[in-house]
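Content type mmCIF, C-alpha atoms, pLDDT in the B column; chains and numbers go by the auth columns, from the file final_34.cif:
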```
data_run
loop_
_atom_site.group_PDB
_atom_site.id
_atom_site.type_symbol
_atom_site.label_atom_id
_atom_site.label_comp_id
_atom_site.label_asym_id
_atom_site.label_seq_id
_atom_site.Cartn_x
_atom_site.Cartn_y
_atom_site.Cartn_z
_atom_site.B_iso_or_equiv
_atom_site.auth_seq_id
_atom_site.auth_asym_id
ATOM 1 C CA MET A 1 -0.267 -3.206 38.841 72.00 6 A
ATOM 2 C CA ILE A 2 1.915 -1.618 36.165 77.00 7 A
ATOM 3 C CA ARG A 3 4.996 -1.774 38.386 81.00 8 A
ATOM 4 C CA ILE A 4 4.341 -5.440 39.150 86.00 9 A
ATOM 5 C CA VAL A 5 4.138 -6.375 35.467 86.00 10 A
ATOM 6 C CA THR A 6 7.226 -4.303 34.649 85.00 11 A
ATOM 7 C CA SER A 7 9.135 -5.877 37.554 86.00 12 A
ATOM 8 C CA ALA A 8 8.182 -9.348 36.369 89.00 13 A
ATOM 9 C CA LEU A 9 9.332 -8.586 32.812 88.00 14 A
ATOM 10 C CA ASP A 10 12.585 -7.048 34.033 87.00 15 A
ATOM 11 C CA SER A 11 13.263 -9.803 36.577 88.00 16 A
ATOM 12 C CA GLY A 12 15.360 -11.875 34.191 81.00 17 A
ATOM 13 C CA VAL A 13 13.655 -15.062 35.395 85.00 18 A
ATOM 14 C CA ILE A 14 12.761 -16.876 32.170 83.00 19 A
ATOM 15 C CA ASP A 15 9.722 -18.686 33.574 84.00 20 A
ATOM 16 C CA THR A 16 8.275 -15.454 34.980 88.00 21 A
ATOM 17 C CA VAL A 17 8.773 -13.622 31.688 88.00 22 A
ATOM 18 C CA LYS A 18 7.114 -16.491 29.779 87.00 23 A
ATOM 19 C CA VAL A 19 4.080 -16.469 32.084 88.00 24 A
ATOM 20 C CA VAL A 20 3.643 -12.698 31.749 91.00 25 A
ATOM 21 C CA LEU A 21 3.999 -12.741 27.950 91.00 26 A
ATOM 22 C CA GLN A 22 1.614 -15.680 27.500 89.00 27 A
ATOM 23 C CA ASN A 23 -1.059 -14.244 29.786 90.00 28 A
ATOM 24 C CA ALA A 24 -0.829 -10.600 28.745 88.00 29 A
ATOM 25 C CA LYS A 25 -0.686 -11.092 24.988 84.00 30 A
ATOM 26 C CA ARG A 26 -3.855 -9.064 24.381 85.00 31 A
ATOM 27 C CA ILE A 27 -3.204 -6.319 26.929 85.00 32 A
ATOM 28 C CA PHE A 28 -2.579 -3.631 24.296 83.00 33 A
ATOM 29 C CA ALA A 29 -5.567 -4.625 22.175 80.00 34 A
ATOM 30 C CA LEU A 30 -7.915 -4.099 25.123 79.00 35 A
ATOM 31 C CA ASP A 31 -7.034 -0.398 25.529 72.00 36 A
ATOM 32 C CA TYR A 32 -6.648 -0.406 29.320 77.00 37 A
ATOM 33 C CA ARG A 33 -5.652 2.887 30.892 76.00 38 A
ATOM 34 C CA GLY A 34 -1.962 3.120 31.671 79.00 39 A
ATOM 35 C CA THR A 35 -0.809 0.330 29.389 83.00 40 A
ATOM 36 C CA LEU A 36 1.270 2.683 27.248 83.00 41 A
ATOM 37 C CA VAL A 37 3.972 2.773 29.948 85.00 42 A
ATOM 38 C CA LEU A 38 4.334 -1.004 29.586 89.00 43 A
ATOM 39 C CA ILE A 39 5.313 -0.803 25.908 88.00 44 A
ATOM 40 C CA PRO A 40 9.112 -0.390 26.382 88.00 45 A
ATOM 41 C CA ALA A 41 9.351 -3.358 28.777 89.00 46 A
ATOM 42 C CA PHE A 42 7.181 -5.574 26.569 91.00 47 A
ATOM 43 C CA LEU A 43 9.084 -4.678 23.393 92.00 48 A
ATOM 44 C CA THR A 44 12.407 -5.492 25.047 90.00 49 A
ATOM 45 C CA ARG A 45 11.229 -8.917 26.245 91.00 50 A
ATOM 46 C CA VAL A 46 9.446 -9.755 22.982 91.00 51 A
ATOM 47 C CA ASN A 47 12.665 -9.008 21.120 91.00 52 A
ATOM 48 C CA ASP A 48 14.688 -11.166 23.555 90.00 53 A
ATOM 49 C CA VAL A 49 12.308 -14.130 23.297 88.00 54 A
ATOM 50 C CA LEU A 50 12.088 -14.001 19.508 87.00 55 A
ATOM 51 C CA ARG A 51 15.898 -13.885 19.226 86.00 56 A
ATOM 52 C CA THR A 52 16.099 -17.205 21.070 80.00 57 A
ATOM 53 C CA VAL A 53 15.917 -19.630 18.156 62.00 58 A
ATOM 54 C CA GLU A 54 16.127 -22.899 20.064 62.00 59 A
ATOM 55 C CA ASP A 55 13.266 -24.122 22.232 58.00 60 A
ATOM 56 C CA LYS A 56 13.307 -27.075 24.594 55.00 61 A
ATOM 57 C CA GLY A 57 9.750 -27.984 23.630 54.00 62 A
ATOM 58 C CA GLY A 58 10.138 -27.763 19.858 49.00 63 A
ATOM 59 C CA PHE A 59 10.838 -25.136 17.211 43.00 64 A
ATOM 60 C CA LEU A 60 8.358 -22.598 18.507 52.00 65 A
ATOM 61 C CA SER A 61 6.694 -22.257 21.834 73.00 66 A
ATOM 62 C CA LYS A 62 3.480 -20.699 23.035 81.00 67 A
ATOM 63 C CA THR A 63 5.576 -17.798 24.265 85.00 68 A
ATOM 64 C CA LYS A 64 6.859 -16.949 20.772 85.00 69 A
ATOM 65 C CA SER A 65 3.338 -17.111 19.414 84.00 70 A
ATOM 66 C CA ALA A 66 2.227 -14.776 22.212 88.00 71 A
ATOM 67 C CA CYS A 67 5.075 -12.423 21.253 89.00 72 A
ATOM 68 C CA MET A 68 3.748 -12.186 17.698 88.00 73 A
ATOM 69 C CA THR A 69 0.256 -11.473 19.054 88.00 74 A
ATOM 70 C CA ILE A 70 1.742 -8.676 21.188 90.00 75 A
ATOM 71 C CA LEU A 71 3.570 -7.216 18.174 89.00 76 A
ATOM 72 C CA GLY A 72 0.357 -7.390 16.136 85.00 77 A
ATOM 73 C CA SER A 73 -1.629 -5.565 18.798 85.00 78 A
ATOM 74 C CA LEU A 74 1.087 -2.914 19.125 85.00 79 A
ATOM 75 C CA LEU A 75 1.066 -2.119 15.412 81.00 80 A
ATOM 76 C CA CYS A 76 -1.985 0.134 15.663 71.00 81 A
ATOM 77 C CA LEU A 77 -0.749 2.155 18.640 70.00 82 A
ATOM 78 C CA PRO A 78 1.808 4.485 16.980 61.00 83 A
ATOM 79 C CA ASP A 79 -0.846 5.889 14.631 64.00 84 A
ATOM 80 C CA ARG A 80 -3.445 6.056 17.352 67.00 85 A
ATOM 81 C CA TYR A 81 -1.262 7.742 19.960 68.00 86 A
ATOM 82 C CA ASP A 82 1.170 9.537 17.651 68.00 87 A
ATOM 83 C CA LYS A 83 1.288 12.691 19.766 72.00 88 A
ATOM 84 C CA TYR A 84 2.277 10.899 22.994 75.00 89 A
ATOM 85 C CA ASP A 85 5.688 10.159 24.407 80.00 90 A
ATOM 86 C CA ILE A 86 5.924 7.110 26.641 81.00 91 A
ATOM 87 C CA PRO A 87 7.674 7.437 29.995 77.00 92 A
ATOM 88 C CA ILE A 88 10.147 4.650 30.690 77.00 93 A
ATOM 89 C CA LEU A 89 9.617 3.502 34.263 73.00 94 A
ATOM 90 C CA GLY A 90 12.615 4.102 36.491 74.00 95 A
ATOM 91 C CA LYS A 91 14.256 6.487 34.005 77.00 96 A
ATOM 92 C CA LYS A 92 13.885 10.170 33.212 78.00 97 A
ATOM 93 C CA GLU A 93 13.802 9.717 29.437 83.00 98 A
ATOM 94 C CA LYS A 94 10.779 9.060 27.277 85.00 99 A
ATOM 95 C CA MET A 95 10.218 6.951 24.185 85.00 100 A
ATOM 96 C CA THR A 96 8.538 8.576 21.191 84.00 101 A
ATOM 97 C CA MET A 97 5.900 6.719 19.218 81.00 102 A
ATOM 98 C CA GLU A 98 8.183 6.934 16.199 82.00 103 A
ATOM 99 C CA ALA A 99 10.821 5.008 18.199 86.00 104 A
ATOM 100 C CA VAL A 100 8.159 2.488 19.251 85.00 105 A
ATOM 101 C CA LYS A 101 7.146 2.002 15.629 83.00 106 A
ATOM 102 C CA GLN A 102 10.741 1.522 14.532 87.00 107 A
ATOM 103 C CA GLN A 103 11.384 -1.023 17.297 88.00 108 A
ATOM 104 C CA ILE A 104 8.236 -2.958 16.311 87.00 109 A
ATOM 105 C CA TYR A 105 9.361 -2.978 12.667 86.00 110 A
ATOM 106 C CA ASP A 106 12.897 -4.066 13.563 89.00 111 A
ATOM 107 C CA THR A 107 11.652 -6.875 15.818 89.00 112 A
ATOM 108 C CA LEU A 108 9.212 -8.065 13.176 87.00 113 A
ATOM 109 C CA LEU A 109 11.901 -8.022 10.489 86.00 114 A
ATOM 110 C CA MET A 110 14.279 -9.922 12.779 86.00 115 A
ATOM 111 C CA ALA A 111 11.639 -12.575 13.490 84.00 116 A
ATOM 112 C CA LEU A 112 10.786 -12.989 9.805 82.00 117 A
ATOM 113 C CA THR A 113 14.475 -13.280 8.943 82.00 118 A
ATOM 114 C CA LEU A 114 15.195 -15.849 11.650 79.00 119 A
ATOM 115 C CA TYR A 115 12.200 -18.088 11.088 75.00 120 A
ATOM 116 C CA SER A 116 11.163 -17.747 7.451 71.00 121 A
ATOM 117 C CA GLY A 117 13.679 -20.269 6.137 68.00 122 A
ATOM 118 C CA GLY A 118 12.208 -23.182 8.075 63.00 123 A
ATOM 119 C CA THR A 119 10.513 -26.116 6.418 61.00 124 A
ATOM 120 C CA SER A 120 8.721 -27.505 9.433 62.00 125 A
ATOM 121 C CA ASP A 121 5.255 -29.011 9.054 63.00 126 A
ATOM 122 C CA ASP A 122 4.654 -28.187 12.694 67.00 127 A
ATOM 123 C CA ASN A 123 1.302 -26.447 13.128 72.00 128 A
ATOM 124 C CA ALA A 124 2.731 -23.976 15.698 72.00 129 A
ATOM 125 C CA TYR A 125 5.479 -22.981 13.253 73.00 130 A
ATOM 126 C CA LEU A 126 2.968 -22.372 10.451 76.00 131 A
ATOM 127 C CA LYS A 127 0.720 -20.271 12.722 78.00 132 A
ATOM 128 C CA PHE A 128 3.747 -18.251 13.821 78.00 133 A
ATOM 129 C CA ILE A 129 4.786 -17.525 10.225 79.00 134 A
ATOM 130 C CA CYS A 130 1.167 -16.616 9.374 83.00 135 A
ATOM 131 C CA LYS A 131 1.049 -14.106 12.235 83.00 136 A
ATOM 132 C CA ALA A 132 4.398 -12.650 11.177 83.00 137 A
ATOM 133 C CA VAL A 133 3.270 -12.232 7.568 84.00 138 A
ATOM 134 C CA CYS A 134 -0.016 -10.637 8.689 85.00 139 A
ATOM 135 C CA CYS A 135 1.910 -8.162 10.865 83.00 140 A
ATOM 136 C CA ALA A 136 4.262 -7.372 7.971 82.00 141 A
ATOM 137 C CA THR A 137 1.255 -6.752 5.725 84.00 142 A
ATOM 138 C CA VAL A 138 -0.174 -4.286 8.242 82.00 143 A
ATOM 139 C CA VAL A 139 3.191 -2.488 8.366 79.00 144 A
ATOM 140 C CA VAL A 140 3.357 -2.128 4.585 80.00 145 A
ATOM 141 C CA TYR A 141 -0.261 -0.954 4.428 80.00 146 A
ATOM 142 C CA GLN A 142 0.226 1.610 7.211 75.00 147 A
ATOM 143 C CA GLU A 143 3.366 3.020 5.659 74.00 148 A
ATOM 144 C CA SER A 144 2.003 3.166 2.118 77.00 149 A
ATOM 145 C CA ALA A 145 -1.277 4.780 3.250 75.00 150 A
ATOM 146 C CA ARG A 146 0.305 7.758 4.972 69.00 151 A
ATOM 147 C CA PRO A 147 0.898 10.996 3.084 66.00 152 A
ATOM 148 C CA THR A 148 4.491 11.069 4.329 61.00 153 A
ATOM 149 C CA CYS A 149 5.119 7.465 3.367 54.00 154 A
ATOM 150 C CA ASN A 150 8.457 6.095 4.523 54.00 155 A
ATOM 151 C CA SER A 151 9.352 4.576 1.161 51.00 156 A
ATOM 152 C CA GLY A 152 12.866 3.730 2.359 52.00 157 A
ATOM 153 C CA LEU A 153 11.376 1.567 5.093 52.00 158 A
ATOM 154 C CA ILE A 154 9.162 -0.312 2.645 50.00 159 A
ATOM 155 C CA LYS A 155 12.036 -0.866 0.181 53.00 160 A
ATOM 156 C CA ALA A 156 14.339 -2.068 2.949 50.00 161 A
ATOM 157 C CA ARG A 157 11.783 -4.497 4.262 47.00 162 A
#
```
Take the structure from the file and write it as C-alpha cells.
Amino acid sequence: MIRIVTSALDSGVIDTVKVVLQNAKRIFALDYRGTLVLIPAFLTRVNDVLRTVEDKGGFLSKTKSACMTILGSLLCLPDRYDKYDIPILGKKEKMTMEAVKQQIYDTLLMALTLYSGGTSDDNAYLKFICKAVCCATVVVYQESARPTCNSGLIKAR
C-alpha cells in the first residue's frame, strides 16, 4: 500500500496527486503503522501544490486546504518520533526528524508568505489562512516550550 501511495504522489500526474492529497489528508493524524515512510513524498507534493498560486477553480482549491491539514497533522510527529530517521523509498539515504521539522516550517512559511496578502472574501481562502495561522501558532508554541528553544527560528518567522 505504501508503495502505491508513493508511486501515485511521484507520478507527476496532477489529477492523481490531487486525489491522493485530498483523500489522505488525515493519514498522519491516524497513526497507522508504516506511515512515517510516506512523509518525504507527502512533504514534497504539499510544497509543490502550495507553490502553485493560480487555481482554475478559484483562489484556493480543496487540494490546498488538504495540504494545510496534512502540514497540521505532521507538526506533532517530529517531537513524537524524534529518535527516528525516515527511510526515503527508492534511495539509500534517510531523512532525520529535524530535517522533517525544518521542511514543515519552510513550507508553512512559504504558504503564509504567498497567501497572507490576499483580500478575498472567499470562504475557502479564509479557512486556508485560519489553518495556516493555527499551524504557525503550534510551531511557535513547540519551539518556545522546548528547553533548547530555537530562538533564531522564532525570530526569523
Counting only C-alpha atoms, the residue of A:Pro45, A:Gly77, A:Gly39, A:Gly17 that sits nearest A:Leu113: A:Gly77
The PyMOL selection byres ((chain A and resi 106) around 10) applied to the shown file, residues as a ChimeraX atom specification: /A:79-84,87,101-105,107-112,144
Take the residues that were just selected and, keeping C-alpha atoms, output them as a short mmCIF file (atom, residue, chain, number, x, y, z; two decimals), in the frame of the given file.
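Printed below is out09.cif as written:
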```
data_model
loop_
_atom_site.label_atom_id
_atom_site.label_comp_id
_atom_site.auth_asym_id
_atom_site.auth_seq_id
_atom_site.Cartn_x
_atom_site.Cartn_y
_atom_site.Cartn_z
CA LEU A 79 1.09 -2.91 19.12
CA LEU A 80 1.07 -2.12 15.41
CA CYS A 81 -1.98 0.13 15.66
CA LEU A 82 -0.75 2.15 18.64
CA PRO A 83 1.81 4.49 16.98
CA ASP A 84 -0.85 5.89 14.63
CA ASP A 87 1.17 9.54 17.65
CA THR A 101 8.54 8.58 21.19
CA MET A 102 5.90 6.72 19.22
CA GLU A 103 8.18 6.93 16.20
CA ALA A 104 10.82 5.01 18.20
CA VAL A 105 8.16 2.49 19.25
CA GLN A 107 10.74 1.52 14.53
CA GLN A 108 11.38 -1.02 17.30
CA ILE A 109 8.24 -2.96 16.31
CA TYR A 110 9.36 -2.98 12.67
CA ASP A 111 12.90 -4.07 13.56
CA THR A 112 11.65 -6.88 15.82
CA VAL A 144 3.19 -2.49 8.37
#
```
Counting only C-alpha atoms, give me one row per residue of stretch 6-87 of chain A with an atom at most 9 Å from an atom of stretch 127-142 of chain A, showing the shortest contact pair and its distance in Å to one decimal, sorted by chain then residue number, as JSON lines.
```
{"residue": "A:Phe64", "atom": "CA", "partner": "A:Tyr130", "partner_atom": "CA", "distance": 7.0}
{"residue": "A:Leu65", "atom": "CA", "partner": "A:Tyr130", "partner_atom": "CA", "distance": 6.0}
{"residue": "A:Ser66", "atom": "CA", "partner": "A:Ala129", "partner_atom": "CA", "distance": 7.5}
{"residue": "A:Lys67", "atom": "CA", "partner": "A:Ala129", "partner_atom": "CA", "distance": 8.1}
{"residue": "A:Lys69", "atom": "CA", "partner": "A:Phe133", "partner_atom": "CA", "distance": 7.7}
{"residue": "A:Ser70", "atom": "CA", "partner": "A:Phe133", "partner_atom": "CA", "distance": 5.7}
{"residue": "A:Met73", "atom": "CA", "partner": "A:Lys136", "partner_atom": "CA", "distance": 6.4}
{"residue": "A:Thr74", "atom": "CA", "partner": "A:Lys136", "partner_atom": "CA", "distance": 7.4}
{"residue": "A:Leu76", "atom": "CA", "partner": "A:Cys140", "partner_atom": "CA", "distance": 7.6}
{"residue": "A:Gly77", "atom": "CA", "partner": "A:Cys140", "partner_atom": "CA", "distance": 5.5}
{"residue": "A:Leu80", "atom": "CA", "partner": "A:Cys140", "partner_atom": "CA", "distance": 7.6}
```
Expected file contents, prior selection, C-alpha atoms, as a short mmCIF file (atom, residue, chain, number, x, y, z; two decimals), keeping the file's coordinate frame:
```cif
data_model
loop_
_atom_site.label_atom_id
_atom_site.label_comp_id
_atom_site.auth_asym_id
_atom_site.auth_seq_id
_atom_site.Cartn_x
_atom_site.Cartn_y
_atom_site.Cartn_z
CA PHE A 64 10.84 -25.14 17.21
CA LEU A 65 8.36 -22.60 18.51
CA SER A 66 6.69 -22.26 21.83
CA LYS A 67 3.48 -20.70 23.04
CA LYS A 69 6.86 -16.95 20.77
CA SER A 70 3.34 -17.11 19.41
CA MET A 73 3.75 -12.19 17.70
CA THR A 74 0.26 -11.47 19.05
CA LEU A 76 3.57 -7.22 18.17
CA GLY A 77 0.36 -7.39 16.14
CA LEU A 80 1.07 -2.12 15.41
#
```
Coordinates-based distance that separates atom CA of A:Gln147 from atom CA of A:Ala34 (Å, one decimal):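 These two atoms are separated by 17.2 Å.
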A:Leu26, A:Ile9, A:Leu94, A:Ala71 ranked by distance to A:Leu41, top pick (using all atoms listed in the file): A:Leu94
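Among A:Ile91, A:Ile7, A:Ile75, A:Leu14, the residue with the shortest atom-to-atom distance to A:Arg50, counting all atoms listed in the file, is A:Leu14.
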Between atom CA of A:Thr68 and atom CA of A:Val24 - distance in Å to one decimal: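 Interatomic distance, atom CA of A:Val24 to atom CA of A:Thr68: 8.1 Å.
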Point-to-point distance from atom CA of A:Ser16 to atom CA of A:Thr49, Å rounded to tenths: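 Answer for the atom CA of A:Ser16 to atom CA of A:Thr49 separation: 12.3 Å.
Distance check against A:Val54 using only C-alpha atoms: of A:Ile19, A:Val10, A:Val42, A:Ile32, the minimum falls on A:Ile19.
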Top pick for closest residue to A:Arg56, considering A:Tyr146, A:Phe33, A:Tyr89, A:Tyr120 and counting all atoms listed in the file: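 Closest residue, counting all atoms listed in the file: A:Tyr120.
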Closest of A:Asn52, A:Ala116, A:Ser78, A:Met100 to A:Leu35 - atom-to-atom distances counting all atoms listed in the file: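 Looking at the shortest contact to A:Leu35, the residue is A:Ser78.
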Take stretch 32-51 of chain A, model N, CA and C atoms, and hand the result over as a compact mmCIF listing (two decimals), in the frame of the given file.
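As a result, rebuild39.txt now contains:
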```txt
# COMPACT_ATOMS: atom_id res chain seq x y z
N ILE A 32 -3.08 -7.48 26.04
CA ILE A 32 -3.20 -6.32 26.93
C ILE A 32 -3.28 -5.00 26.16
N PHE A 33 -2.57 -4.88 25.05
CA PHE A 33 -2.58 -3.63 24.30
C PHE A 33 -3.79 -3.52 23.38
N ALA A 34 -4.37 -4.63 23.02
CA ALA A 34 -5.57 -4.62 22.18
C ALA A 34 -6.81 -4.22 22.97
N LEU A 35 -6.75 -4.38 24.28
CA LEU A 35 -7.92 -4.10 25.12
C LEU A 35 -8.02 -2.63 25.54
N ASP A 36 -7.00 -1.84 25.28
CA ASP A 36 -7.03 -0.40 25.53
C ASP A 36 -7.27 -0.05 27.01
N TYR A 37 -6.58 -0.74 27.90
CA TYR A 37 -6.65 -0.41 29.32
C TYR A 37 -5.88 0.89 29.58
N ARG A 38 -6.36 1.66 30.52
CA ARG A 38 -5.65 2.89 30.89
C ARG A 38 -4.29 2.53 31.48
N GLY A 39 -3.29 3.29 31.10
CA GLY A 39 -1.96 3.12 31.67
C GLY A 39 -1.08 2.08 31.00
N THR A 40 -1.62 1.39 30.01
CA THR A 40 -0.81 0.33 29.39
C THR A 40 0.31 0.87 28.51
N LEU A 41 0.22 2.13 28.10
CA LEU A 41 1.27 2.68 27.25
C LEU A 41 2.64 2.64 27.93
N VAL A 42 2.68 2.80 29.25
CA VAL A 42 3.97 2.77 29.95
C VAL A 42 4.59 1.38 29.97
N LEU A 43 3.81 0.36 29.63
CA LEU A 43 4.33 -1.00 29.59
C LEU A 43 5.02 -1.33 28.25
N ILE A 44 4.81 -0.50 27.25
CA ILE A 44 5.31 -0.80 25.91
C ILE A 44 6.83 -1.03 25.88
N PRO A 45 7.66 -0.14 26.46
CA PRO A 45 9.11 -0.39 26.38
C PRO A 45 9.53 -1.74 26.98
N ALA A 46 8.99 -2.09 28.13
CA ALA A 46 9.35 -3.36 28.78
C ALA A 46 8.89 -4.55 27.94
N PHE A 47 7.68 -4.48 27.40
CA PHE A 47 7.18 -5.57 26.57
C PHE A 47 8.00 -5.72 25.28
N LEU A 48 8.30 -4.61 24.63
CA LEU A 48 9.08 -4.68 23.39
C LEU A 48 10.46 -5.29 23.63
N THR A 49 11.09 -4.93 24.73
CA THR A 49 12.41 -5.49 25.05
C THR A 49 12.33 -7.00 25.23
N ARG A 50 11.35 -7.47 25.99
CA ARG A 50 11.23 -8.92 26.24
C ARG A 50 10.78 -9.68 25.00
N VAL A 51 9.88 -9.11 24.22
CA VAL A 51 9.45 -9.76 22.98
C VAL A 51 10.65 -9.95 22.07
```
